[in-house]
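Source file: target-v1.txt (compact mmCIF, N, CA and C atoms)
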# COMPACT_ATOMS: atom_id res chain seq x y z
N GLN M 1 -9.75 -8.62 10.24
CA GLN M 1 -8.86 -7.50 9.98
C GLN M 1 -7.62 -8.01 9.26
N VAL M 2 -7.26 -7.35 8.18
CA VAL M 2 -6.07 -7.72 7.41
C VAL M 2 -4.90 -6.86 7.87
N ARG M 3 -3.78 -7.51 8.12
CA ARG M 3 -2.56 -6.80 8.51
C ARG M 3 -1.51 -7.03 7.46
N VAL M 4 -0.80 -5.96 7.10
CA VAL M 4 0.22 -6.01 6.06
C VAL M 4 1.49 -5.39 6.62
N VAL M 5 2.58 -6.14 6.59
CA VAL M 5 3.83 -5.65 7.19
C VAL M 5 4.97 -5.83 6.20
N GLU M 6 5.64 -4.73 5.89
CA GLU M 6 6.80 -4.76 5.00
C GLU M 6 8.09 -4.78 5.81
N SER M 7 9.15 -5.28 5.20
CA SER M 7 10.47 -5.26 5.80
C SER M 7 11.53 -5.34 4.72
N GLY M 8 12.76 -5.00 5.10
CA GLY M 8 13.89 -5.17 4.19
C GLY M 8 14.49 -3.90 3.65
N GLY M 9 13.84 -2.78 3.86
CA GLY M 9 14.38 -1.54 3.33
C GLY M 9 15.59 -1.08 4.13
N GLU M 10 16.55 -0.49 3.42
CA GLU M 10 17.74 0.04 4.07
C GLU M 10 18.50 0.95 3.12
N LEU M 11 19.63 1.46 3.58
CA LEU M 11 20.50 2.28 2.75
C LEU M 11 21.45 1.38 1.96
N VAL M 12 21.52 1.63 0.65
CA VAL M 12 22.39 0.82 -0.20
C VAL M 12 23.03 1.72 -1.24
N GLN M 13 24.22 1.34 -1.73
CA GLN M 13 24.87 2.12 -2.77
C GLN M 13 24.28 1.80 -4.14
N ALA M 14 24.38 2.76 -5.03
CA ALA M 14 23.92 2.55 -6.40
C ALA M 14 24.61 1.34 -6.99
N GLY M 15 23.84 0.53 -7.71
CA GLY M 15 24.36 -0.70 -8.27
C GLY M 15 24.17 -1.91 -7.37
N GLY M 16 23.78 -1.67 -6.14
CA GLY M 16 23.59 -2.74 -5.19
C GLY M 16 22.23 -3.40 -5.31
N SER M 17 21.96 -4.31 -4.38
CA SER M 17 20.72 -5.08 -4.39
C SER M 17 20.07 -5.07 -3.02
N LEU M 18 18.76 -5.22 -3.02
CA LEU M 18 17.97 -5.37 -1.80
C LEU M 18 16.82 -6.32 -2.07
N ARG M 19 16.35 -6.97 -1.02
CA ARG M 19 15.17 -7.83 -1.12
C ARG M 19 14.16 -7.38 -0.08
N LEU M 20 13.02 -6.96 -0.55
CA LEU M 20 11.93 -6.55 0.33
C LEU M 20 10.97 -7.71 0.53
N SER M 21 10.39 -7.74 1.73
CA SER M 21 9.39 -8.76 2.05
C SER M 21 8.12 -8.09 2.52
N CYS M 22 7.00 -8.76 2.25
CA CYS M 22 5.70 -8.28 2.72
C CYS M 22 4.91 -9.48 3.21
N GLN M 23 4.47 -9.41 4.44
CA GLN M 23 3.70 -10.50 5.03
C GLN M 23 2.28 -10.03 5.30
N GLY M 24 1.32 -10.76 4.77
CA GLY M 24 -0.08 -10.49 5.05
C GLY M 24 -0.60 -11.46 6.09
N SER M 25 -1.50 -11.01 6.95
CA SER M 25 -2.06 -11.89 7.98
C SER M 25 -3.46 -11.42 8.33
N GLY M 26 -4.14 -12.24 9.11
CA GLY M 26 -5.50 -11.94 9.51
C GLY M 26 -6.36 -13.17 9.31
N ARG M 27 -7.53 -13.15 9.94
CA ARG M 27 -8.39 -14.33 9.87
C ARG M 27 -8.76 -14.61 8.41
N SER M 28 -8.48 -15.85 7.99
CA SER M 28 -8.80 -16.30 6.62
C SER M 28 -8.20 -15.38 5.57
N PHE M 29 -6.95 -14.96 5.81
CA PHE M 29 -6.29 -14.08 4.84
C PHE M 29 -6.28 -14.72 3.46
N SER M 30 -6.59 -13.92 2.46
CA SER M 30 -6.49 -14.37 1.08
C SER M 30 -6.18 -13.16 0.22
N MET M 31 -5.79 -13.42 -1.02
CA MET M 31 -5.52 -12.31 -1.91
C MET M 31 -5.85 -12.69 -3.35
N HIS M 32 -6.29 -11.69 -4.10
CA HIS M 32 -6.40 -11.82 -5.55
C HIS M 32 -5.06 -11.43 -6.18
N ALA M 33 -4.46 -10.40 -5.57
CA ALA M 33 -3.17 -9.90 -6.03
C ALA M 33 -2.50 -9.14 -4.89
N MET M 34 -1.17 -9.12 -4.94
CA MET M 34 -0.39 -8.31 -4.01
C MET M 34 0.65 -7.58 -4.82
N GLY M 35 1.04 -6.43 -4.36
CA GLY M 35 1.99 -5.66 -5.14
C GLY M 35 2.77 -4.66 -4.33
N TRP M 36 3.68 -4.00 -5.03
CA TRP M 36 4.52 -2.97 -4.43
C TRP M 36 4.30 -1.63 -5.14
N PHE M 37 4.23 -0.60 -4.32
CA PHE M 37 4.20 0.76 -4.79
C PHE M 37 5.31 1.51 -4.07
N ARG M 38 5.69 2.65 -4.58
CA ARG M 38 6.71 3.44 -3.89
C ARG M 38 6.37 4.93 -4.00
N GLN M 39 6.91 5.67 -3.04
CA GLN M 39 6.68 7.10 -3.03
C GLN M 39 7.98 7.82 -2.66
N ALA M 40 8.47 8.60 -3.60
CA ALA M 40 9.67 9.40 -3.38
C ALA M 40 9.26 10.73 -2.74
N PRO M 41 10.20 11.38 -2.06
CA PRO M 41 9.87 12.67 -1.43
C PRO M 41 9.34 13.68 -2.44
N GLY M 42 8.21 14.27 -2.12
CA GLY M 42 7.63 15.28 -2.99
C GLY M 42 6.91 14.74 -4.21
N LYS M 43 6.79 13.43 -4.32
CA LYS M 43 6.14 12.84 -5.49
C LYS M 43 4.97 11.98 -5.06
N GLU M 44 4.12 11.65 -6.02
CA GLU M 44 2.98 10.79 -5.75
C GLU M 44 3.41 9.33 -5.68
N ARG M 45 2.60 8.55 -5.00
CA ARG M 45 2.86 7.12 -4.94
C ARG M 45 2.71 6.51 -6.33
N GLU M 46 3.63 5.63 -6.70
CA GLU M 46 3.60 5.02 -8.03
C GLU M 46 3.70 3.51 -7.96
N PHE M 47 3.13 2.88 -8.95
CA PHE M 47 3.14 1.43 -9.07
C PHE M 47 4.55 0.94 -9.40
N VAL M 48 4.94 -0.18 -8.77
CA VAL M 48 6.24 -0.79 -9.04
C VAL M 48 6.06 -2.18 -9.67
N ALA M 49 5.35 -3.05 -8.98
CA ALA M 49 5.18 -4.43 -9.47
C ALA M 49 3.97 -5.06 -8.79
N ARG M 50 3.40 -6.07 -9.46
CA ARG M 50 2.25 -6.78 -8.91
C ARG M 50 2.33 -8.24 -9.29
N ILE M 51 1.83 -9.10 -8.42
CA ILE M 51 1.73 -10.52 -8.72
C ILE M 51 0.33 -10.99 -8.35
N ARG M 52 -0.30 -11.72 -9.25
CA ARG M 52 -1.63 -12.23 -9.00
C ARG M 52 -1.53 -13.63 -8.39
N VAL M 53 -2.65 -14.11 -7.85
CA VAL M 53 -2.64 -15.41 -7.17
C VAL M 53 -2.26 -16.52 -8.14
N ASN M 54 -2.51 -16.31 -9.45
CA ASN M 54 -2.14 -17.34 -10.43
C ASN M 54 -0.68 -17.23 -10.86
N GLY M 55 0.05 -16.26 -10.27
CA GLY M 55 1.47 -16.11 -10.57
C GLY M 55 1.78 -15.10 -11.65
N GLN M 56 0.77 -14.55 -12.29
CA GLN M 56 1.00 -13.56 -13.34
C GLN M 56 1.59 -12.30 -12.72
N THR M 57 2.63 -11.78 -13.37
CA THR M 57 3.31 -10.59 -12.83
C THR M 57 3.23 -9.42 -13.80
N SER M 58 3.37 -8.23 -13.26
CA SER M 58 3.45 -7.02 -14.08
C SER M 58 4.40 -6.05 -13.39
N TYR M 59 5.06 -5.21 -14.20
CA TYR M 59 6.07 -4.30 -13.69
C TYR M 59 5.93 -2.91 -14.31
N ALA M 60 6.36 -1.91 -13.57
CA ALA M 60 6.51 -0.58 -14.15
C ALA M 60 7.69 -0.62 -15.11
N ASP M 61 7.61 0.17 -16.17
CA ASP M 61 8.69 0.19 -17.15
C ASP M 61 10.03 0.54 -16.52
N SER M 62 10.00 1.39 -15.52
CA SER M 62 11.24 1.87 -14.91
C SER M 62 12.01 0.79 -14.15
N VAL M 63 11.35 -0.32 -13.83
CA VAL M 63 12.03 -1.37 -13.06
C VAL M 63 12.15 -2.69 -13.81
N LYS M 64 11.59 -2.77 -15.00
CA LYS M 64 11.65 -4.01 -15.77
C LYS M 64 13.09 -4.41 -16.02
N GLY M 65 13.39 -5.69 -15.81
CA GLY M 65 14.74 -6.20 -16.01
C GLY M 65 15.64 -6.05 -14.80
N ARG M 66 15.20 -5.25 -13.83
CA ARG M 66 16.01 -5.05 -12.62
C ARG M 66 15.34 -5.61 -11.37
N PHE M 67 14.01 -5.53 -11.32
CA PHE M 67 13.26 -6.00 -10.15
C PHE M 67 12.50 -7.27 -10.51
N THR M 68 12.36 -8.15 -9.50
CA THR M 68 11.58 -9.37 -9.67
C THR M 68 10.67 -9.55 -8.48
N ILE M 69 9.38 -9.71 -8.75
CA ILE M 69 8.41 -9.96 -7.68
C ILE M 69 8.10 -11.44 -7.63
N SER M 70 7.92 -11.96 -6.43
CA SER M 70 7.58 -13.37 -6.26
C SER M 70 6.67 -13.51 -5.04
N LYS M 71 6.11 -14.69 -4.87
CA LYS M 71 5.23 -14.94 -3.73
C LYS M 71 5.52 -16.31 -3.15
N ASN M 72 5.02 -16.56 -1.95
CA ASN M 72 5.18 -17.89 -1.38
C ASN M 72 3.99 -18.78 -1.77
N LYS M 73 4.12 -20.06 -1.45
CA LYS M 73 3.08 -21.02 -1.84
C LYS M 73 1.78 -20.80 -1.08
N ALA M 74 1.89 -20.23 0.11
CA ALA M 74 0.69 -19.98 0.92
C ALA M 74 -0.08 -18.76 0.44
N ASN M 75 0.49 -18.03 -0.52
CA ASN M 75 -0.14 -16.82 -1.05
C ASN M 75 -0.45 -15.79 0.04
N ASN M 76 0.45 -15.68 1.01
CA ASN M 76 0.27 -14.64 2.02
C ASN M 76 1.53 -13.80 2.20
N ALA M 77 2.50 -13.97 1.35
CA ALA M 77 3.71 -13.16 1.41
C ALA M 77 4.25 -12.94 0.01
N ILE M 78 4.79 -11.76 -0.21
CA ILE M 78 5.45 -11.47 -1.47
C ILE M 78 6.83 -10.89 -1.20
N PHE M 79 7.65 -10.93 -2.24
CA PHE M 79 9.01 -10.47 -2.13
C PHE M 79 9.35 -9.62 -3.36
N LEU M 80 10.25 -8.69 -3.18
CA LEU M 80 10.70 -7.88 -4.30
C LEU M 80 12.22 -7.89 -4.30
N GLN M 81 12.79 -8.60 -5.26
CA GLN M 81 14.24 -8.62 -5.43
C GLN M 81 14.61 -7.44 -6.32
N MET M 82 15.40 -6.53 -5.78
CA MET M 82 15.78 -5.32 -6.50
C MET M 82 17.27 -5.34 -6.78
N ASN M 83 17.64 -5.38 -8.05
CA ASN M 83 19.04 -5.39 -8.45
C ASN M 83 19.37 -4.12 -9.22
N SER M 84 20.65 -3.85 -9.37
CA SER M 84 21.11 -2.67 -10.12
C SER M 84 20.36 -1.41 -9.67
N LEU M 85 20.32 -1.22 -8.38
CA LEU M 85 19.56 -0.09 -7.84
C LEU M 85 20.15 1.25 -8.25
N LYS M 86 19.25 2.21 -8.46
CA LYS M 86 19.62 3.56 -8.87
C LYS M 86 19.14 4.56 -7.82
N PRO M 87 19.77 5.72 -7.74
CA PRO M 87 19.30 6.73 -6.79
C PRO M 87 17.81 7.06 -6.95
N GLU M 88 17.32 6.99 -8.18
CA GLU M 88 15.91 7.30 -8.41
C GLU M 88 14.97 6.21 -7.90
N ASP M 89 15.51 5.11 -7.42
CA ASP M 89 14.68 4.08 -6.78
C ASP M 89 14.42 4.41 -5.31
N THR M 90 15.03 5.46 -4.82
CA THR M 90 14.84 5.86 -3.43
C THR M 90 13.39 6.23 -3.15
N GLY M 91 12.91 5.77 -2.00
CA GLY M 91 11.55 6.11 -1.60
C GLY M 91 11.04 5.15 -0.54
N VAL M 92 9.82 5.38 -0.10
CA VAL M 92 9.14 4.46 0.80
C VAL M 92 8.39 3.46 -0.05
N TYR M 93 8.65 2.20 0.19
CA TYR M 93 8.02 1.13 -0.57
C TYR M 93 6.86 0.55 0.25
N TYR M 94 5.69 0.55 -0.37
CA TYR M 94 4.47 0.09 0.29
C TYR M 94 3.98 -1.20 -0.36
N CYS M 95 3.52 -2.09 0.49
CA CYS M 95 2.91 -3.33 0.01
C CYS M 95 1.39 -3.15 -0.04
N ASN M 96 0.80 -3.67 -1.09
CA ASN M 96 -0.64 -3.56 -1.31
C ASN M 96 -1.25 -4.95 -1.47
N VAL M 97 -2.35 -5.16 -0.78
CA VAL M 97 -3.09 -6.42 -0.88
C VAL M 97 -4.48 -6.13 -1.41
N ASN M 98 -4.88 -6.89 -2.43
CA ASN M 98 -6.21 -6.75 -3.01
C ASN M 98 -6.92 -8.09 -2.90
N ASN M 99 -8.06 -8.08 -2.18
CA ASN M 99 -8.80 -9.34 -2.07
C ASN M 99 -10.30 -9.07 -2.10
N GLN M 100 -11.10 -10.07 -1.77
CA GLN M 100 -12.55 -9.93 -1.91
C GLN M 100 -13.14 -8.94 -0.90
N ILE M 101 -12.37 -8.64 0.15
CA ILE M 101 -12.84 -7.68 1.15
C ILE M 101 -12.58 -6.26 0.70
N GLY M 102 -11.41 -6.04 0.12
CA GLY M 102 -11.06 -4.70 -0.32
C GLY M 102 -9.57 -4.58 -0.60
N GLU M 103 -9.05 -3.41 -0.32
CA GLU M 103 -7.65 -3.11 -0.58
C GLU M 103 -6.99 -2.67 0.72
N PHE M 104 -5.77 -3.20 0.95
CA PHE M 104 -5.10 -2.93 2.21
C PHE M 104 -3.65 -2.54 1.95
N TRP M 105 -3.12 -1.69 2.83
CA TRP M 105 -1.75 -1.19 2.68
C TRP M 105 -0.96 -1.40 3.96
N GLY M 106 0.34 -1.60 3.79
CA GLY M 106 1.24 -1.62 4.92
C GLY M 106 1.71 -0.22 5.24
N GLN M 107 2.57 -0.11 6.23
CA GLN M 107 3.08 1.18 6.69
C GLN M 107 4.28 1.64 5.86
N GLY M 108 4.87 0.74 5.10
CA GLY M 108 5.99 1.10 4.24
C GLY M 108 7.35 0.80 4.83
N THR M 109 8.33 0.65 3.96
CA THR M 109 9.71 0.44 4.37
C THR M 109 10.60 1.34 3.51
N GLN M 110 11.54 2.02 4.14
CA GLN M 110 12.35 3.02 3.45
C GLN M 110 13.51 2.37 2.70
N VAL M 111 13.62 2.71 1.44
CA VAL M 111 14.76 2.31 0.61
C VAL M 111 15.49 3.58 0.20
N THR M 112 16.77 3.63 0.50
CA THR M 112 17.59 4.78 0.11
C THR M 112 18.79 4.29 -0.68
N VAL M 113 18.92 4.80 -1.89
CA VAL M 113 20.03 4.42 -2.76
C VAL M 113 20.95 5.62 -2.91
N SER M 114 22.17 5.47 -2.44
CA SER M 114 23.13 6.58 -2.51
C SER M 114 23.94 6.51 -3.79
N SER M 115 24.28 7.67 -4.31
CA SER M 115 25.04 7.71 -5.58
C SER M 115 26.54 7.68 -5.31
Encoded form using structure tokens:
Amino acid sequence: QVRVVESGGELVQAGGSLRLSCQGSGRSFSMHAMGWFRQAPGKEREFVARIRVNGQTSYADSVKGRFTISKNKANNAIFLQMNSLKPEDTGVYYCNVNNQIGEFWGQGTQVTVSS
């Protein structure tokens, strides 16, 4: 069983920074890629950033230059450094794990950016 747990979300003022963490666990945990998605109230879940096991990263256009995704050497945790936050970044941020078993999601962590 794969377990995915996010942390780090909180209330922050516009222009501020936050760092989200996602820890994956479970017997023989592995990943092809891990990433972040977010869902604002009344909107569909959207892609934010992804990092592959080889370190290749990709970002949504809306966060390029402001957000940075990284991973640890054990390839079981990822981080999202979010700078210059905007009110439109508000939402529940979900961590996604993709591996040979399938796709797994965490419960999400709330990020609220006040104007």
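Checking M:Gln107, M:Ser62, M:Asn83, M:Asn75 one by one against Phe29 in chain M, counting all atoms listed in the file, you find the shortest gap at M:Asn75.
You will find CA of Val2 in chain M at 10.2 Å from atom N of Met31 in chain M.
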Any idea what's packed within 5 Å of range 86-95 of chain M, counting all atoms listed in the file, ignoring anything in its chain fewer than 2 positions away? Could you give it as a VMD selection string? chain M and resid 15 35 to 40 84 97 105 to 106 108 to 113
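Checking M:Asn99, M:Ser70, M:Met82, M:Ala60 one by one against Phe47 in chain M, counting only N, CA and C atoms, you find the shortest gap at M:Ala60.
Here CA of Arg19 in chain M and CA of Lys71 in chain M stand 12.5 Å from one another.
Ranking M:Leu11, M:Val5, M:Met34, M:Leu20 by their shortest atom-to-atom distance to Gln81 in chain M, with all atoms listed in the file included, puts M:Leu20 first.
Relative to CA of Gly9 in chain M, CA of Ile78 in chain M is found at 14.2 Å.
Distances from M:Leu85, M:Ala77, M:Ile69, M:Val63 to Gly24 in chain M were compared using only N, CA and C atoms, and the smallest one belongs to M:Ala77.
Each of M:Arg45, M:Lys64, M:Arg50, M:His32 was checked against Asn98 in chain M using only C-alpha atoms; the smallest atom-to-atom distance is that of M:His32.
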